[in-house]
Structure formats: C-alpha cells, structure tokens
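Everything on this sheet refers to the single structure shown next.
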Amino acid sequence: QKTAYEITYGDWSSDVCSSDLVSVIVGLLAFAAFGFTIDRVPTVGFDETIYASTAWSLVTDGSGVPTVLSDNLRIPSDLPFRGPVFHYLNAAAFKSFGLSTSVFRLSSLLGAMLLALSCTLLVRAVGGTVGSAAFYFAVVTLCPQIGSTATLGRMDPLATGLEVLGLVFLCKGFQNGPGDRSLSFGLAAGICWSLAMLSTPRSFPFIAAAAVGSLTLFRAPAAARRRDIVCVATASVVIAVAALAWSAAIGATPLSWISYISALAAGDPLNASPLLGGTWNLTVVTFLNITPIGIGLIIAIGVWATRKKAQGIPAFVWVALIGNAMLTLALISRQESYGIYWVIPFVPLAVARTGAALSDSSSVRGVRESLLGIWI
C-alpha cells in the first residue's frame, strides 16, 4: 500500500484511465460554459451592484464607499466589514480591463476554478484515488453551489477556494517526505487563510474550526507532533499578523474589528441566525437541503470514529470541516444560499471515507464514485 506521501507526490500517470480524462473534460467544459455566459447569466443583483460600486470607488476616489450610494452621507465604507481582498482584486481588474459586468465577475469565475481545483487536491491529499479526485472535479463543477456563484460577482467561491487550498497546504505539511517543509507549508496555509479572512466574515467559522481541529495533532507521535505543531503555529502567526495589520490600517485592534463586524451582523434578519439576533428563515427547501447533510454528518463521524486509520491528517480534516459546517449552520441564516461554504468542502471527504469503509479494494473503485454521485 502507498503511504500518504507517495499518494500525494507520486506519479499519477499510472493510475489515470480514460474515465478520469472524461471527468476532467466534463469539468473543463462546465467552466467554459461559465465563461461564455459570464456577461448575461445571471442577471445583475442588488448585492453585486454594491460590490462592483465599492470596487469602482477604490478606482475613482479610494474611499470604498459604493458610488451608487454616495449621495447618502451615512453610508460607510464596506472595507472594514468585508475586508480588502475581494474589493481590491476587482478594483485592479477595473483598472486593467475597464468597467463592465464581465470584468467584475472574473473574480467569481477564477474563485470557482480555484475552489474546484483545491477540493480535487484535497481528495488526493487525504489519500483519495485519482479516479475519485477526477470524478469529484467533474461533479463539483455541476453543483448548484458552484453554478449559482461562478458568474454571480460575489466573494463566496474565492473565499471558500482559499480556505480549502490552505487546508491542502496544511495537510501536505503534516506528511512525511524528504526534508522538513512544515514551515513553508504552514506559511502557505496561513497566507491562504488570511486572504480568505480578509475577503468575508463568513470565513471566520472555517478558521475557528481549523483551530479546534489542530488539537487532534497532539495524538501524533513525538517527532510528528513537533513537525505538525510548527506547521500550525506558522499558519497561526501569519493569520495573527494579517489581522493586526488590517485592523491597524482601519484604525482599530483585532478585537474591536471583530466587535464591529459582530455589531453590524447582529440582528440581521436575512443573514444572521437567531444566535446573532436574526432568524434562520426556515423553508421547505432549507429543510430538505439540511436534513440529508445532517444525517451524512452523523454517518461520517461514525465512520471516522470506527476506522483504525482515522488518525493524524484525516482526524484534523474531519474536525475542521465538520466544525465549519456546524458553526456555519449555527450562525448564518439561509443555509441553502451559502451552501458553498460548508457543503462543497465537506461532501467529497465524507463520500471518500464512507466508500473506503465499505471496501479498500481497488477493484471496486466505482463504489466511491457511485456514493459521491448519490450524495451530490
């Protein structure tokens, strides 16, 4: 059997078959369709108009106050709440290519591509086969969580893609290989998570869950424990420095910045849960969406707990992604609208591990693909 290091860094060519290439082609065709329709699907919404207007204000006067609302003197800059990454990225696109719907939506399209690629790499990083990774790449590009945001002009796919990519780097930092690269992988993970944190507050549950997941690393042997702690500590320092730098740039401290975000979010009836003074806006669609995922979470926890191999990297990943799902469901309203934050990163790992629990034989690799299709 291959080690986690060999699976991640080894030669993929011997494991690739024609069905895997078909899966990749299907995924690429889906993204090509997004590109062809980027300027007209979907129609422009209210939030996206505000986001584009905020980015355009950075080009014109640098204020960050949406130009479409500039006559209202009480409208604040959106930068202290959502962070600078998404808005400055769009501002740079406007400067380079001009102001248009297509240019503004490029960040969402690139974010969706990053998310699909990161999730595919994550399947491999935790020991998934090439077939499972390729099939998931095809399926994830056809999911409504991707299709509804890839050309919408929102920060959601970009932020989630950065979250998952940081998790991939951290997993690689935990794996054995020539030389000690835990420091560099921890640095890369910290940069990704800092960028996600400074793109939207909806990344906070993921970072908090990853912090809790790091506690599982203390179960590792002494030598591995030291390497893993260095990796996590490096990522944590990068995130702390990013939070300090940004809060100082807006004349605040990290604590007062988080308090400001909490104060604005509290009582929002459309986006905050009752725990933050809002409402869950429960509908039939929400119930039907959450119930199977909730059952899946319970099954996945049971599978993880009963597998002897579920130590180290799998334990960290499971805790991080399950914790992210639970925190997101608890704090954010309209879970079906923001499923990209908790559904997309979690489902492939749940399916891969459920399939692995049924059989470890390569002759029944189709079991994993079948389960993945059923879950999605």
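As shown in the structure tokens, the chain order sets the letters A, B, ...; within each chain, residues go from 1, and ligands are also counted from 1 in the order they appear.
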
Practice problem: Can you pull out every residue within 8 Å of Ser199 of chain A, counting only C-alpha atoms, but drop anything in the same chain fewer than 2 positions away, and send it as a count of residues only? | Solution: 12

With only C-alpha atoms as the counted atoms, please give the residues lying no more than 9 Å from Ala245 of chain A, apart from itself and same-chain residues fewer than 5 positions off, as a PDB file with C-alpha atoms, in the first residue's frame.
ATOM      1  CA  ALA A 240      -2.452  36.960  13.529  1.00  0.00           C
ATOM      2  CA  ILE A 250      -8.522  50.895   9.610  1.00  0.00           C
ATOM      3  CA  PRO A 254      -8.256  42.882  16.085  1.00  0.00           C
TER       4      PRO A 254
END

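Excluding Leu162 of chain A itself and any same-chain residue fewer than 3 positions from it, the protein and nucleic acid residues within 8 Å of it, counting only C-alpha atoms, are A:Leu114, A:Leu115, A:Leu158, A:Ala159, A:Leu165, A:Gly166, A:Cys192, A:Trp193, A:Leu195, A:Ala196.
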
Quiz item: Can you tell me, as number ranges by chain, what residues are no more than 7 Å from Ser23 of chain A when counting only C-alpha atoms, ignoring any on the same chain fewer than 2 positions away?
Solution: A: 19-21, 25-27, 134-135, 138

Quiz item: In segment 177-288 of chain A, what's alpha helix (DSSP H) per DSSP? Answer as a PyMOL selection string?
Solution: chain A and resi 182-197+204-213+222-249+254-265+284-288

I need the chosen residues saved as a compact mmCIF listing (two decimals), in the first residue's frame, with C-alpha atoms.
# COMPACT_ATOMS: atom_id res chain seq x y z
CA SER A 182 6.43 22.11 7.52
CA LEU A 183 7.47 25.76 7.88
CA SER A 184 6.92 26.61 4.21
CA PHE A 185 3.62 24.72 4.01
CA GLY A 186 2.44 26.40 7.20
CA LEU A 187 3.35 29.78 5.70
CA ALA A 188 1.39 29.00 2.53
CA ALA A 189 -1.64 27.84 4.55
CA GLY A 190 -1.53 30.96 6.69
CA ILE A 191 -1.43 33.21 3.63
CA CYS A 192 -4.44 31.45 2.08
CA TRP A 193 -6.50 31.63 5.25
CA SER A 194 -5.53 35.26 5.84
CA LEU A 195 -6.73 36.18 2.35
CA ALA A 196 -10.00 34.32 2.99
CA MET A 197 -10.42 36.05 6.35
CA PHE A 204 -14.40 33.01 10.34
CA PRO A 205 -16.23 29.71 11.13
CA PHE A 206 -13.75 27.76 8.98
CA ILE A 207 -10.71 29.31 10.65
CA ALA A 208 -12.18 28.71 14.10
CA ALA A 209 -12.96 25.08 13.23
CA ALA A 210 -9.43 24.57 11.88
CA ALA A 211 -8.05 25.89 15.16
CA VAL A 212 -10.11 23.29 17.05
CA GLY A 213 -9.02 20.60 14.58
CA ALA A 222 6.51 12.95 19.38
CA ALA A 223 8.51 13.50 16.18
CA ALA A 224 5.44 14.05 14.01
CA ARG A 225 3.85 16.17 16.72
CA ARG A 226 6.73 18.63 16.68
CA ARG A 227 6.58 18.93 12.88
CA ASP A 228 2.82 19.40 12.85
CA ILE A 229 2.86 22.00 15.64
CA VAL A 230 5.47 24.00 13.73
CA CYS A 231 3.24 23.92 10.66
CA VAL A 232 0.11 25.03 12.53
CA ALA A 233 1.99 27.63 14.59
CA THR A 234 3.41 29.19 11.43
CA ALA A 235 -0.05 29.44 9.88
CA SER A 236 -1.42 30.93 13.11
CA VAL A 237 1.29 33.59 13.24
CA VAL A 238 0.59 34.62 9.65
CA ILE A 239 -3.14 34.95 10.37
CA ALA A 240 -2.45 36.96 13.53
CA VAL A 241 -0.10 39.32 11.68
CA ALA A 242 -2.66 39.80 8.90
CA ALA A 243 -5.40 40.60 11.42
CA LEU A 244 -3.13 43.05 13.26
CA ALA A 245 -2.03 44.75 10.04
CA TRP A 246 -5.55 45.16 8.66
CA SER A 247 -7.08 46.33 11.93
CA ALA A 248 -4.27 48.87 12.30
CA ALA A 249 -4.90 50.07 8.74
CA PRO A 254 -8.26 42.88 16.08
CA LEU A 255 -10.74 42.69 18.96
CA SER A 256 -12.51 45.95 18.10
CA TRP A 257 -12.56 44.93 14.42
CA ILE A 258 -14.33 41.66 15.25
CA SER A 259 -16.66 43.56 17.60
CA TYR A 260 -17.51 45.95 14.75
CA ILE A 261 -18.34 43.04 12.43
CA SER A 262 -20.43 41.37 15.13
CA ALA A 263 -22.34 44.58 15.81
CA LEU A 264 -23.23 45.01 12.14
CA ALA A 265 -24.21 41.37 11.71
CA VAL A 284 -39.13 23.58 2.85
CA VAL A 285 -36.09 23.97 0.60
CA THR A 286 -33.83 24.65 3.58
CA PHE A 287 -35.21 21.67 5.49
CA LEU A 288 -34.79 19.28 2.57

Self-check item: Close residues, segment 139-147 of chain A itself excluded, 7 Å, only C-alpha atoms, min 3 positions apart in chain, as number ranges by chain
Solution: A: 27, 30, 112, 116, 135-136, 150, 339-340

Quiz prompt | Selected residue, from A:Leu28, A:Val65, A:Leu89, A:Leu170, that lies nearest to Leu117 of chain A when counting only C-alpha atoms | solution = A:Leu28

Practice problem: Just give me the gap between atom CA of Met113 of chain A and atom CA of Phe137 of chain A in Å, one decimal is fine. | Solution: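 Answer for the atom CA of Met113 of chain A to atom CA of Phe137 of chain A separation: 9.9 Å.
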
Practice problem: For each of A:Thr67, A:Ser107, A:Ser273, A:Asn90, take the minimum atom-to-atom distance to Thr151 of chain A, counting only C-alpha atoms, then give the residue where this is smallest. | Solution: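 Of all the options, A:Ser107 lies closest to Thr151 of chain A.
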
Could you name the residues that touch Leu152 of chain A at 12 Å or less, counting only C-alpha atoms, but leaving out those on the same chain fewer than 2 positions away, as a CSV table (one decimal) with N, CA, C and O atoms, in the first residue's frame?
chain,number,residue,atom,x,y,z
A,34,PHE,N,-19.4,28.6,-18.3
A,34,PHE,CA,-19.5,29.8,-17.4
A,34,PHE,C,-18.8,31.0,-18.1
A,34,PHE,O,-19.4,32.1,-18.0
A,35,GLY,N,-17.7,30.8,-18.7
A,35,GLY,CA,-17.0,31.9,-19.4
A,35,GLY,C,-17.8,32.5,-20.5
A,35,GLY,O,-17.9,33.7,-20.7
A,37,THR,N,-21.0,32.6,-20.8
A,37,THR,CA,-22.3,33.3,-20.4
A,37,THR,C,-22.0,34.3,-19.2
A,37,THR,O,-22.9,34.8,-18.6
A,38,ILE,N,-20.8,34.6,-19.0
A,38,ILE,CA,-20.4,35.4,-17.8
A,38,ILE,C,-21.0,36.8,-17.8
A,38,ILE,O,-21.3,37.4,-16.8
A,39,ASP,N,-21.3,37.4,-19.0
A,39,ASP,CA,-21.9,38.7,-19.1
A,39,ASP,C,-23.4,38.8,-19.0
A,39,ASP,O,-24.0,39.9,-19.1
A,40,ARG,N,-24.1,37.7,-19.0
A,40,ARG,CA,-25.5,37.7,-19.0
A,40,ARG,C,-26.2,36.7,-18.1
A,40,ARG,O,-27.5,36.7,-18.0
A,41,VAL,N,-25.5,35.8,-17.5
A,41,VAL,CA,-26.1,34.8,-16.6
A,41,VAL,C,-25.3,34.8,-15.3
A,41,VAL,O,-24.1,34.5,-15.3
A,42,PRO,N,-26.0,35.1,-14.2
A,42,PRO,CA,-27.4,35.5,-14.0
A,42,PRO,C,-27.5,37.0,-14.3
A,42,PRO,O,-26.5,37.7,-14.5
A,43,THR,N,-28.7,37.5,-14.1
A,43,THR,CA,-28.9,39.0,-14.2
A,43,THR,C,-28.3,39.6,-13.0
A,43,THR,O,-28.1,39.0,-11.9
A,44,VAL,N,-27.9,40.9,-13.1
A,44,VAL,CA,-27.2,41.6,-12.0
A,44,VAL,C,-28.1,41.7,-10.8
A,44,VAL,O,-29.3,42.2,-11.0
A,45,GLY,N,-27.7,41.4,-9.6
A,45,GLY,CA,-28.4,41.5,-8.4
A,45,GLY,C,-28.0,42.7,-7.6
A,45,GLY,O,-27.1,43.5,-7.9
A,46,PHE,N,-28.8,42.9,-6.5
A,46,PHE,CA,-28.5,44.1,-5.6
A,46,PHE,C,-27.1,44.1,-5.0
A,46,PHE,O,-26.4,45.1,-5.1
A,47,ASP,N,-26.8,43.0,-4.3
A,47,ASP,CA,-25.5,42.9,-3.6
A,47,ASP,C,-24.4,43.1,-4.6
A,47,ASP,O,-23.4,43.8,-4.3
A,48,GLU,N,-24.5,42.4,-5.7
A,48,GLU,CA,-23.4,42.5,-6.7
A,48,GLU,C,-23.2,43.9,-7.2
A,48,GLU,O,-22.1,44.4,-7.5
A,49,THR,N,-24.3,44.7,-7.3
A,49,THR,CA,-24.2,46.1,-7.7
A,49,THR,C,-23.4,46.9,-6.7
A,49,THR,O,-22.5,47.7,-7.0
A,51,TYR,N,-21.2,45.6,-4.5
A,51,TYR,CA,-19.8,45.2,-4.5
A,51,TYR,C,-19.0,45.8,-5.7
A,51,TYR,O,-17.9,46.3,-5.5
A,52,ALA,N,-19.6,45.8,-6.9
A,52,ALA,CA,-19.0,46.5,-8.0
A,52,ALA,C,-18.8,47.9,-7.8
A,52,ALA,O,-17.7,48.5,-8.2
A,101,THR,N,-19.6,44.3,-16.6
A,101,THR,CA,-20.1,43.2,-15.9
A,101,THR,C,-19.2,42.0,-16.0
A,101,THR,O,-18.9,41.3,-15.0
A,102,SER,N,-18.7,41.7,-17.2
A,102,SER,CA,-17.8,40.6,-17.4
A,102,SER,C,-16.5,40.7,-16.5
A,102,SER,O,-16.1,39.8,-15.9
A,103,VAL,N,-16.0,41.9,-16.5
A,103,VAL,CA,-14.7,42.1,-15.8
A,103,VAL,C,-14.9,41.9,-14.3
A,103,VAL,O,-14.1,41.3,-13.6
A,104,PHE,N,-16.1,42.5,-13.8
A,104,PHE,CA,-16.3,42.4,-12.4
A,104,PHE,C,-16.5,40.9,-12.0
A,104,PHE,O,-16.1,40.5,-10.9
A,105,ARG,N,-17.1,40.1,-12.8
A,105,ARG,CA,-17.4,38.7,-12.5
A,105,ARG,C,-16.2,37.8,-12.7
A,105,ARG,O,-16.3,36.6,-12.3
A,106,LEU,N,-15.1,38.3,-13.2
A,106,LEU,CA,-14.0,37.4,-13.4
A,106,LEU,C,-13.5,36.9,-12.0
A,106,LEU,O,-13.0,35.7,-12.0
A,107,SER,N,-13.5,37.7,-11.0
A,107,SER,CA,-13.1,37.2,-9.7
A,107,SER,C,-13.9,36.0,-9.2
A,107,SER,O,-13.3,35.1,-8.6
A,108,SER,N,-15.2,36.0,-9.4
A,108,SER,CA,-16.0,34.9,-9.0
A,108,SER,C,-15.7,33.6,-9.9
A,108,SER,O,-15.6,32.5,-9.3
A,109,LEU,N,-15.5,33.8,-11.2
A,109,LEU,CA,-15.1,32.7,-12.0
A,109,LEU,C,-13.8,32.1,-11.6
A,109,LEU,O,-13.6,30.8,-11.5
A,110,LEU,N,-12.8,32.9,-11.4
A,110,LEU,CA,-11.5,32.4,-11.0
A,110,LEU,C,-11.6,31.8,-9.6
A,110,LEU,O,-10.9,30.8,-9.4
A,111,GLY,N,-12.4,32.3,-8.7
A,111,GLY,CA,-12.6,31.7,-7.4
A,111,GLY,C,-13.2,30.4,-7.5
A,111,GLY,O,-12.8,29.4,-6.8
A,112,ALA,N,-14.2,30.2,-8.4
A,112,ALA,CA,-14.9,28.9,-8.6
A,112,ALA,C,-13.9,27.9,-9.1
A,112,ALA,O,-13.9,26.7,-8.7
A,145,GLN,N,-24.1,24.8,-6.0
A,145,GLN,CA,-23.3,25.8,-5.2
A,145,GLN,C,-22.2,26.5,-6.0
A,145,GLN,O,-21.8,27.6,-5.7
A,146,ILE,N,-21.7,25.8,-7.0
A,146,ILE,CA,-20.8,26.4,-7.9
A,146,ILE,C,-21.5,27.1,-9.0
A,146,ILE,O,-21.2,28.3,-9.4
A,147,GLY,N,-22.5,26.5,-9.6
A,147,GLY,CA,-23.2,27.1,-10.8
A,147,GLY,C,-23.8,28.4,-10.5
A,147,GLY,O,-23.9,29.3,-11.3
A,148,SER,N,-24.3,28.5,-9.2
A,148,SER,CA,-25.0,29.8,-8.9
A,148,SER,C,-24.1,30.9,-8.5
A,148,SER,O,-24.6,32.0,-8.3
A,149,THR,N,-22.8,30.6,-8.3
A,149,THR,CA,-21.9,31.7,-7.8
A,149,THR,C,-20.7,31.9,-8.7
A,149,THR,O,-20.1,32.9,-8.6
A,150,ALA,N,-20.5,31.0,-9.7
A,150,ALA,CA,-19.3,31.2,-10.5
A,150,ALA,C,-19.3,32.5,-11.3
A,150,ALA,O,-18.2,33.0,-11.7
A,154,ARG,N,-19.7,37.5,-6.6
A,154,ARG,CA,-19.6,37.5,-5.2
A,154,ARG,C,-18.3,37.0,-4.8
A,154,ARG,O,-17.6,36.3,-5.6
A,155,MET,N,-17.9,37.2,-3.5
A,155,MET,CA,-16.7,36.7,-3.0
A,155,MET,C,-16.7,35.3,-2.5
A,155,MET,O,-15.7,34.7,-2.1
A,156,ASP,N,-17.9,34.6,-2.5
A,156,ASP,CA,-18.0,33.3,-1.9
A,156,ASP,C,-17.1,32.2,-2.5
A,156,ASP,O,-16.4,31.5,-1.7
A,157,PRO,N,-17.1,32.0,-3.8
A,157,PRO,CA,-16.2,31.0,-4.3
A,157,PRO,C,-14.7,31.3,-4.1
A,157,PRO,O,-14.0,30.3,-3.8
A,158,LEU,N,-14.3,32.5,-4.1
A,158,LEU,CA,-12.9,32.9,-3.9
A,158,LEU,C,-12.5,32.6,-2.5
A,158,LEU,O,-11.5,31.9,-2.2
